[in-house]
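Q: Pasting my_file.cif here (mmCIF, C-alpha atoms):
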```
data_protein
loop_
_atom_site.label_atom_id
_atom_site.label_comp_id
_atom_site.auth_asym_id
_atom_site.auth_seq_id
_atom_site.Cartn_x
_atom_site.Cartn_y
_atom_site.Cartn_z
CA MET A 1 9.29 5.35 -13.31
CA ASN A 2 12.17 4.08 -11.19
CA VAL A 3 11.40 4.53 -7.50
CA ILE A 4 14.21 3.52 -5.17
CA PRO A 5 13.23 3.10 -1.52
CA SER A 6 15.23 4.18 1.49
CA TYR A 7 14.28 2.07 4.43
CA ARG A 8 15.35 0.82 7.78
CA THR A 9 15.01 -2.77 8.91
CA ASP A 10 14.07 -3.60 12.46
CA PRO A 11 16.80 -6.01 13.63
CA SER A 12 15.49 -6.27 17.19
CA SER A 13 12.07 -7.79 16.60
CA GLY A 14 13.09 -11.21 17.86
CA TYR A 15 11.18 -13.00 15.11
CA ARG A 16 12.62 -16.12 13.52
CA HIS A 17 10.13 -16.78 10.73
CA LEU A 18 9.36 -13.24 9.58
CA SER A 19 10.80 -9.75 9.53
CA THR A 20 9.35 -6.26 9.30
CA ARG A 21 10.36 -2.85 8.06
CA PHE A 22 8.64 0.50 8.01
CA GLU A 23 9.28 3.17 5.38
CA SER A 24 7.96 6.41 6.78
CA GLN A 25 8.27 8.33 3.49
CA TYR A 26 5.69 5.98 1.95
CA GLY A 27 3.75 5.10 5.07
CA ALA A 28 4.56 1.49 4.10
CA LEU A 29 4.83 -1.32 6.62
CA TRP A 30 6.35 -4.49 5.18
CA LEU A 31 5.80 -7.97 6.56
CA ILE A 32 8.37 -10.31 5.00
CA LEU A 33 7.72 -14.02 5.44
CA ASP A 34 10.79 -16.17 6.07
CA PRO A 35 9.56 -19.47 7.57
CA LYS A 36 12.15 -22.12 8.34
CA PRO A 37 13.16 -24.77 7.47
CA LEU A 38 10.63 -24.71 4.60
CA PRO A 39 8.72 -21.75 3.15
CA CYS A 40 5.33 -23.06 4.27
CA ILE A 41 2.74 -22.08 6.86
CA SER A 42 3.85 -23.76 10.06
CA LEU A 43 2.41 -23.51 13.55
CA GLU A 44 5.53 -21.56 14.48
CA LEU A 45 4.87 -19.00 11.74
CA ILE A 46 1.25 -18.71 12.88
CA ASP A 47 2.41 -18.02 16.44
CA GLU A 48 4.78 -15.29 15.26
CA LEU A 49 2.07 -13.72 13.10
CA ARG A 50 -0.18 -13.59 16.15
CA ARG A 51 2.57 -11.89 18.16
CA PHE A 52 3.26 -9.44 15.35
CA GLN A 53 -0.41 -8.50 15.11
CA GLU A 54 -0.68 -8.06 18.88
CA GLU A 55 2.37 -5.81 18.90
CA LEU A 56 1.05 -3.83 15.95
CA THR A 57 -2.28 -3.32 17.72
CA GLN A 58 -0.55 -2.11 20.86
CA THR A 59 1.65 0.29 18.90
CA LEU A 60 -1.28 1.79 17.02
CA LYS A 61 -3.13 2.44 20.28
CA GLU A 62 -0.58 5.19 20.91
CA TYR A 63 -2.07 7.20 18.05
CA GLY A 64 -5.34 9.06 17.92
CA PRO A 65 -8.05 8.32 15.33
CA GLY A 66 -6.64 8.83 11.83
CA GLU A 67 -3.18 9.72 13.15
CA HIS A 68 -1.35 6.42 12.68
CA PRO A 69 1.47 6.57 10.10
CA ILE A 70 0.61 3.41 8.13
CA ARG A 71 -1.03 3.91 4.74
CA TYR A 72 0.12 0.68 3.06
CA PHE A 73 0.73 -2.81 4.42
CA ILE A 74 2.74 -5.12 2.15
CA ALA A 75 3.11 -8.89 2.53
CA ALA A 76 6.16 -10.34 0.75
CA SER A 77 8.59 -13.25 1.03
CA LYS A 78 12.32 -13.58 1.61
CA SER A 79 12.56 -17.10 0.13
CA PRO A 80 14.13 -17.00 -3.37
CA GLY A 81 11.65 -18.19 -5.97
CA VAL A 82 8.94 -18.95 -3.40
CA PHE A 83 6.21 -16.75 -1.96
CA ASN A 84 4.89 -19.65 0.09
CA PHE A 85 4.29 -23.37 -0.45
CA GLY A 86 1.15 -23.25 1.69
CA GLY A 87 0.09 -25.79 4.27
CA ASP A 88 2.46 -27.78 6.47
CA LEU A 89 2.10 -31.14 4.73
CA SER A 90 4.29 -32.89 7.29
CA LEU A 91 1.91 -31.81 10.05
CA PHE A 92 -1.13 -32.75 7.97
CA ALA A 93 0.19 -36.26 7.28
CA ARG A 94 1.05 -36.87 10.93
CA CYS A 95 -2.31 -35.64 12.21
CA ILE A 96 -4.26 -37.71 9.70
CA GLU A 97 -2.28 -40.85 10.49
CA GLU A 98 -2.73 -40.32 14.24
CA ARG A 99 -6.41 -39.28 13.88
CA ASP A 100 -5.56 -35.99 15.57
CA ALA A 101 -8.38 -33.75 14.35
CA ASP A 102 -7.91 -31.32 17.24
CA THR A 103 -4.44 -30.24 16.09
CA LEU A 104 -5.63 -29.88 12.51
CA ARG A 105 -8.50 -27.71 13.71
CA GLU A 106 -6.14 -25.62 15.83
CA TYR A 107 -3.90 -25.14 12.80
CA ALA A 108 -6.77 -24.22 10.47
CA ARG A 109 -8.29 -21.76 12.93
CA GLY A 110 -4.87 -20.22 13.52
CA CYS A 111 -4.52 -19.65 9.79
CA ILE A 112 -7.85 -17.83 9.65
CA GLU A 113 -7.28 -15.84 12.82
CA THR A 114 -4.00 -14.47 11.44
CA LEU A 115 -5.22 -14.05 7.85
CA TYR A 116 -8.46 -12.27 8.65
CA PRO A 117 -6.86 -9.04 9.98
CA TYR A 118 -4.98 -8.80 6.68
CA ILE A 119 -8.21 -9.34 4.72
CA ILE A 120 -9.93 -6.44 6.52
CA GLY A 121 -6.89 -4.17 6.53
CA PHE A 122 -6.49 -4.52 10.30
CA GLY A 123 -9.64 -2.44 10.62
CA LEU A 124 -7.63 0.61 9.55
CA PRO A 125 -7.73 2.97 6.55
CA VAL A 126 -4.83 1.20 4.87
CA THR A 127 -4.32 -0.46 1.50
CA THR A 128 -3.01 -4.02 1.78
CA ILE A 129 -0.69 -5.30 -0.96
CA SER A 130 0.50 -8.84 -1.65
CA LEU A 131 3.81 -8.99 -3.51
CA VAL A 132 4.34 -12.39 -5.13
CA GLN A 133 7.89 -12.72 -6.45
CA GLY A 134 7.95 -16.50 -6.45
CA ASP A 135 5.50 -19.37 -6.50
CA ALA A 136 2.40 -19.21 -4.31
CA LEU A 137 0.70 -22.56 -3.81
CA GLY A 138 -2.29 -23.57 -1.70
CA GLY A 139 -2.26 -21.52 1.48
CA GLY A 140 0.42 -19.29 -0.01
CA PHE A 141 -2.00 -18.37 -2.80
CA GLU A 142 -4.67 -17.71 -0.16
CA ILE A 143 -2.35 -15.22 1.55
CA ALA A 144 -1.71 -13.50 -1.77
CA LEU A 145 -5.45 -13.24 -2.49
CA ALA A 146 -6.13 -11.66 0.90
CA GLY A 147 -4.59 -8.31 -0.05
CA ASN A 148 -6.53 -5.45 -1.64
CA ILE A 149 -3.93 -5.40 -4.43
CA LEU A 150 -2.08 -8.46 -5.76
CA ILE A 151 1.20 -7.67 -7.53
CA ALA A 152 3.05 -10.59 -9.12
CA GLU A 153 6.26 -10.88 -11.11
CA ARG A 154 5.90 -12.46 -14.53
CA SER A 155 7.69 -15.72 -13.65
CA ALA A 156 5.54 -16.34 -10.55
CA LYS A 157 3.13 -19.26 -10.62
CA MET A 158 0.09 -19.81 -8.46
CA GLY A 159 -2.43 -22.55 -7.92
CA PHE A 160 -4.26 -24.89 -5.59
CA PRO A 161 -2.76 -28.41 -5.74
CA GLU A 162 -4.78 -29.71 -2.76
CA VAL A 163 -6.99 -31.84 -5.01
CA LEU A 164 -3.92 -34.06 -5.57
CA PHE A 165 -4.35 -35.12 -1.93
CA ASN A 166 -8.14 -35.43 -2.36
CA LEU A 167 -8.43 -32.22 -0.31
CA PHE A 168 -9.45 -28.63 -0.98
CA PRO A 169 -7.91 -25.31 0.10
CA GLY A 170 -9.94 -24.47 3.19
CA MET A 171 -8.39 -21.29 4.59
CA GLY A 172 -10.14 -18.65 2.52
CA ALA A 173 -9.53 -19.70 -1.10
CA TYR A 174 -13.18 -20.06 -2.12
CA ASN A 175 -14.28 -16.85 -0.42
CA LEU A 176 -11.38 -14.72 -1.65
CA LEU A 177 -11.06 -16.02 -5.20
CA SER A 178 -14.79 -15.98 -5.95
CA ARG A 179 -14.86 -12.27 -5.17
CA ARG A 180 -12.44 -11.74 -8.02
CA ILE A 181 -13.58 -14.18 -10.72
CA GLY A 182 -16.95 -15.61 -9.68
CA ILE A 183 -18.11 -18.92 -8.27
CA GLN A 184 -18.00 -21.12 -11.39
CA ARG A 185 -14.42 -20.23 -12.36
CA THR A 186 -13.33 -20.46 -8.72
CA GLU A 187 -14.61 -24.01 -8.42
CA GLN A 188 -12.83 -24.95 -11.65
CA MET A 189 -9.54 -23.67 -10.28
CA LEU A 190 -10.01 -25.40 -6.92
CA LEU A 191 -10.75 -28.75 -8.55
CA ASN A 192 -8.38 -28.91 -11.53
CA GLY A 193 -5.14 -28.82 -9.50
CA LYS A 194 -3.46 -26.70 -12.16
CA THR A 195 -0.71 -24.17 -11.61
CA TYR A 196 -1.12 -20.90 -13.48
CA ARG A 197 1.36 -18.38 -14.76
CA ALA A 198 1.08 -14.89 -13.34
CA GLU A 199 0.28 -13.45 -16.75
CA GLU A 200 -2.66 -15.88 -17.14
CA LEU A 201 -4.03 -14.81 -13.77
CA HIS A 202 -3.50 -11.17 -14.66
CA ALA A 203 -5.59 -11.65 -17.81
CA GLU A 204 -8.37 -13.18 -15.69
CA GLY A 205 -8.32 -10.38 -13.13
CA VAL A 206 -6.83 -12.39 -10.28
CA VAL A 207 -3.50 -10.53 -10.40
CA ASP A 208 -3.96 -6.76 -10.35
CA ILE A 209 -0.49 -5.67 -11.44
CA LEU A 210 1.96 -7.75 -13.49
CA ALA A 211 5.60 -6.78 -12.92
CA GLU A 212 8.66 -7.84 -14.83
CA ASP A 213 10.97 -10.25 -13.04
CA GLY A 214 13.14 -8.50 -10.51
CA ARG A 215 10.92 -5.41 -10.46
CA GLY A 216 8.24 -6.52 -8.04
CA GLU A 217 9.28 -4.19 -5.23
CA ASN A 218 9.65 -1.38 -7.72
CA ALA A 219 6.07 -2.01 -8.84
CA VAL A 220 4.93 -1.60 -5.23
CA TYR A 221 6.58 1.82 -4.94
CA GLU A 222 5.31 2.86 -8.36
CA PHE A 223 1.79 1.96 -7.24
CA ILE A 224 2.20 3.97 -4.04
CA VAL A 225 3.58 7.03 -5.80
CA ARG A 226 1.00 6.83 -8.59
CA ASN A 227 -1.81 6.74 -6.07
CA GLU A 228 -0.38 9.32 -3.67
CA ASN A 229 -3.13 11.83 -4.47
CA ARG A 230 -5.87 9.20 -4.64
CA GLY A 231 -5.40 7.59 -1.25
CA ASN A 232 -8.61 8.98 0.21
CA ALA A 233 -10.69 7.78 -2.75
CA ARG A 234 -9.01 4.37 -2.88
CA GLU A 235 -9.57 3.76 0.82
CA ALA A 236 -13.21 4.77 0.41
CA ILE A 237 -13.60 2.23 -2.39
CA HIS A 238 -12.09 -0.48 -0.19
CA ARG A 239 -14.51 0.44 2.59
CA VAL A 240 -17.43 0.26 0.15
CA ARG A 241 -16.26 -3.17 -1.03
CA ARG A 242 -16.06 -4.45 2.54
CA ARG A 243 -19.51 -3.02 3.29
CA LEU A 244 -21.26 -4.38 0.19
CA PHE A 245 -19.38 -7.69 0.06
CA PRO A 246 -18.62 -8.40 3.71
CA LEU A 247 -16.59 -11.43 4.68
CA ALA A 248 -17.26 -12.57 8.23
CA ILE A 249 -14.62 -14.49 10.13
CA GLU A 250 -17.35 -16.93 11.21
CA GLU A 251 -17.82 -17.97 7.57
CA LEU A 252 -14.14 -18.70 7.20
CA LEU A 253 -14.02 -20.66 10.45
CA ASP A 254 -17.03 -22.73 9.37
CA VAL A 255 -15.17 -23.69 6.18
CA THR A 256 -12.17 -24.85 8.22
CA ASP A 257 -14.45 -27.34 10.02
CA ILE A 258 -15.40 -28.78 6.62
CA TRP A 259 -11.70 -28.88 5.72
CA VAL A 260 -10.80 -30.81 8.89
CA ASP A 261 -13.60 -33.33 8.29
CA THR A 262 -12.40 -33.78 4.70
CA ALA A 263 -8.77 -34.18 5.78
CA MET A 264 -9.67 -36.91 8.24
CA ARG A 265 -11.10 -38.96 5.35
CA VAL A 266 -7.89 -38.79 3.31
CA GLY A 267 -6.40 -42.22 2.62
CA PRO A 268 -2.93 -43.78 2.87
CA ARG A 269 -2.03 -43.05 -0.76
CA GLU A 270 -2.58 -39.32 -0.29
CA ILE A 271 -0.66 -39.36 2.98
CA ARG A 272 2.32 -40.95 1.22
CA LEU A 273 2.10 -38.27 -1.47
CA MET A 274 2.18 -35.54 1.18
CA GLN A 275 5.24 -37.11 2.76
CA ARG A 276 6.99 -37.43 -0.59
CA LEU A 277 6.29 -33.80 -1.42
CA VAL A 278 7.68 -32.67 1.93
CA ARG A 279 10.95 -34.38 1.01
CA SER A 280 10.87 -32.74 -2.41
CA GLN A 281 10.25 -29.34 -0.86
CA GLY A 282 13.36 -29.73 1.24
CA LYS A 283 15.44 -30.41 -1.86
CA LEU A 284 13.87 -27.89 -4.21
CA SER A 285 12.84 -24.92 -2.07
CA ARG A 286 16.03 -23.07 -2.97
CA ARG A 287 16.18 -24.15 -6.62
CA ASP A 288 13.10 -24.91 -8.72
CA PRO A 289 10.01 -24.95 -6.48
CA ILE A 290 7.44 -25.20 -9.25
CA ALA A 291 8.80 -28.61 -10.20
CA LEU A 292 6.86 -29.88 -7.18
CA PHE A 293 3.59 -29.31 -9.03
CA PRO A 294 4.34 -29.28 -12.78
CA LEU A 295 2.49 -26.74 -14.89
CA ARG A 296 -0.22 -28.58 -16.80
CA GLY A 297 -1.16 -25.78 -19.13
CA LYS A 298 -3.77 -23.10 -19.22
CA SER A 299 -7.26 -24.24 -18.41
CA ALA A 300 -10.25 -23.54 -20.58
#
```
Represent the structure contained in this file as structure tokens.

A:
Amino acid sequence: MNVIPSYRTDPSSGYRHLSTRFESQYGALWLILDPKPLPCISLELIDELRRFQEELTQTLKEYGPGEHPIRYFIAASKSPGVFNFGGDLSLFARCIEERDADTLREYARGCIETLYPYIIGFGLPVTTISLVQGDALGGGFEIALAGNILIAERSAKMGFPEVLFNLFPGMGAYNLLSRRIGIQRTEQMLLNGKTYRAEELHAEGVVDILAEDGRGENAVYEFIVRNENRGNAREAIHRVRRRLFPLAIEELLDVTDIWVDTAMRVGPREIRLMQRLVRSQGKLSRRDPIALFPLRGKSA
């Protein structure tokens, strides 16, 4: 199948770190991350995500129950070779050095408050899709896991390198990943610091659909078309999943408190590593991002 979209981009949104487009023929609303100067989760990106979600909520209020035009919500990235590097290491290092736990807590809570609507499909009968066409690390991997469906191109790599800083990914990783592969395997992945190829994660059931390089968007449209006559059933299954395996925002916020406490115990060596990686990100974000966290092979 070769589905070619026709779409219109909204040039008047006023966003700097993201863009949106809506394709009425598919009922597909795209959120395309484009954080600057680095493809990471900054406070500025969090603020824009909040504004986007507020505007989306206001727009949908104009429709009656079940009348809104959105059937699919897709999160993707504009950065070549990078879905998202994850946390703002420069901010983390500064806050830890200055003993500024309040800003770290504000950041962590902001991550959850903007991620949670995506996790629950904005409380709407929509299917959420994460399209990973580049490397998703740390918080970037958490974003990818938050969608109902995770589509990744074959060359994409994902992992949680936080253990290198004597930290853990605290914005949903444990909750989201364990729902896909269980607690024991989740803890292995959180603690080994390894980066995994998309095809490895597909074999384990983390990635739902493996696309060939350059065909990630096509895979999204193929999924939509293939499921056109199953939308009602698929949405019902998602509702059943949320009912039987609920994820409360309070749980996620409680984990961020543990993350802040852990971050404040990080030492000078880890802070220097964060700062060095920030410099590396600046050099490599447009070339070979995975070199920041070298692939150490498939885990047992």

Q: Quick check, in Å to one decimal: how far apart do CA of Tyr15 in chain A and CA of Gln53 in chain A lie?

A: 12.4 Å

Q: Report as a PDB file with C-alpha atoms, keeping the file's coordinate frame the full result of the PyMOL selection byres ((chain A and resi 107) around 10) when it is applied to this structure.

A:
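Ended up saving to part33.pdb:
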```pdb
ATOM      1  CA  ILE A  41       2.740 -22.080   6.860  1.00  0.00           C
ATOM      2  CA  SER A  42       3.850 -23.760  10.060  1.00  0.00           C
ATOM      3  CA  LEU A  43       2.410 -23.510  13.550  1.00  0.00           C
ATOM      4  CA  ILE A  46       1.250 -18.710  12.880  1.00  0.00           C
ATOM      5  CA  GLY A  87       0.090 -25.790   4.270  1.00  0.00           C
ATOM      6  CA  ASP A  88       2.460 -27.780   6.470  1.00  0.00           C
ATOM      7  CA  LEU A  91       1.910 -31.810  10.050  1.00  0.00           C
ATOM      8  CA  PHE A  92      -1.130 -32.750   7.970  1.00  0.00           C
ATOM      9  CA  ALA A 101      -8.380 -33.750  14.350  1.00  0.00           C
ATOM     10  CA  ASP A 102      -7.910 -31.320  17.240  1.00  0.00           C
ATOM     11  CA  THR A 103      -4.440 -30.240  16.090  1.00  0.00           C
ATOM     12  CA  LEU A 104      -5.630 -29.880  12.510  1.00  0.00           C
ATOM     13  CA  ARG A 105      -8.500 -27.710  13.710  1.00  0.00           C
ATOM     14  CA  GLU A 106      -6.140 -25.620  15.830  1.00  0.00           C
ATOM     15  CA  ALA A 108      -6.770 -24.220  10.470  1.00  0.00           C
ATOM     16  CA  ARG A 109      -8.290 -21.760  12.930  1.00  0.00           C
ATOM     17  CA  GLY A 110      -4.870 -20.220  13.520  1.00  0.00           C
ATOM     18  CA  CYS A 111      -4.520 -19.650   9.790  1.00  0.00           C
ATOM     19  CA  ILE A 112      -7.850 -17.830   9.650  1.00  0.00           C
ATOM     20  CA  GLU A 113      -7.280 -15.840  12.820  1.00  0.00           C
ATOM     21  CA  THR A 256     -12.170 -24.850   8.220  1.00  0.00           C
ATOM     22  CA  VAL A 260     -10.800 -30.810   8.890  1.00  0.00           C
TER      23      VAL A 260
END
```

Q: For the PyMOL selection byres ((chain A and resi 255) around 12), applied here, can you spell out every residue it catches as JSON, numbers by chain?

A: {"A": [105, 108, 109, 111, 112, 168, 169, 170, 171, 172, 173, 174, 175, 248, 249, 250, 251, 252, 253, 254, 256, 257, 258, 259, 260, 261, 262]}

Q: Which residues are close to Trp30 in chain A, i.e. within 9 Å by all atoms listed in the file, leaving aside same-chain residues fewer than 5 positions away? Reply as a ChimeraX atom specification.

A: /A:19-23,72-76

Q: How many Å separate CA of Ser77 in chain A from CA of Leu33 in chain A?

A: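 Those two atoms sit 4.6 Å apart.
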
Q: Using the chain letters and numbers from the file, which residues does the PyMOL selection byres ((chain A and resi 198) around 8) grab, as a ChimeraX atom specification?

A: /A:152-158,196-197,199-202,207,210
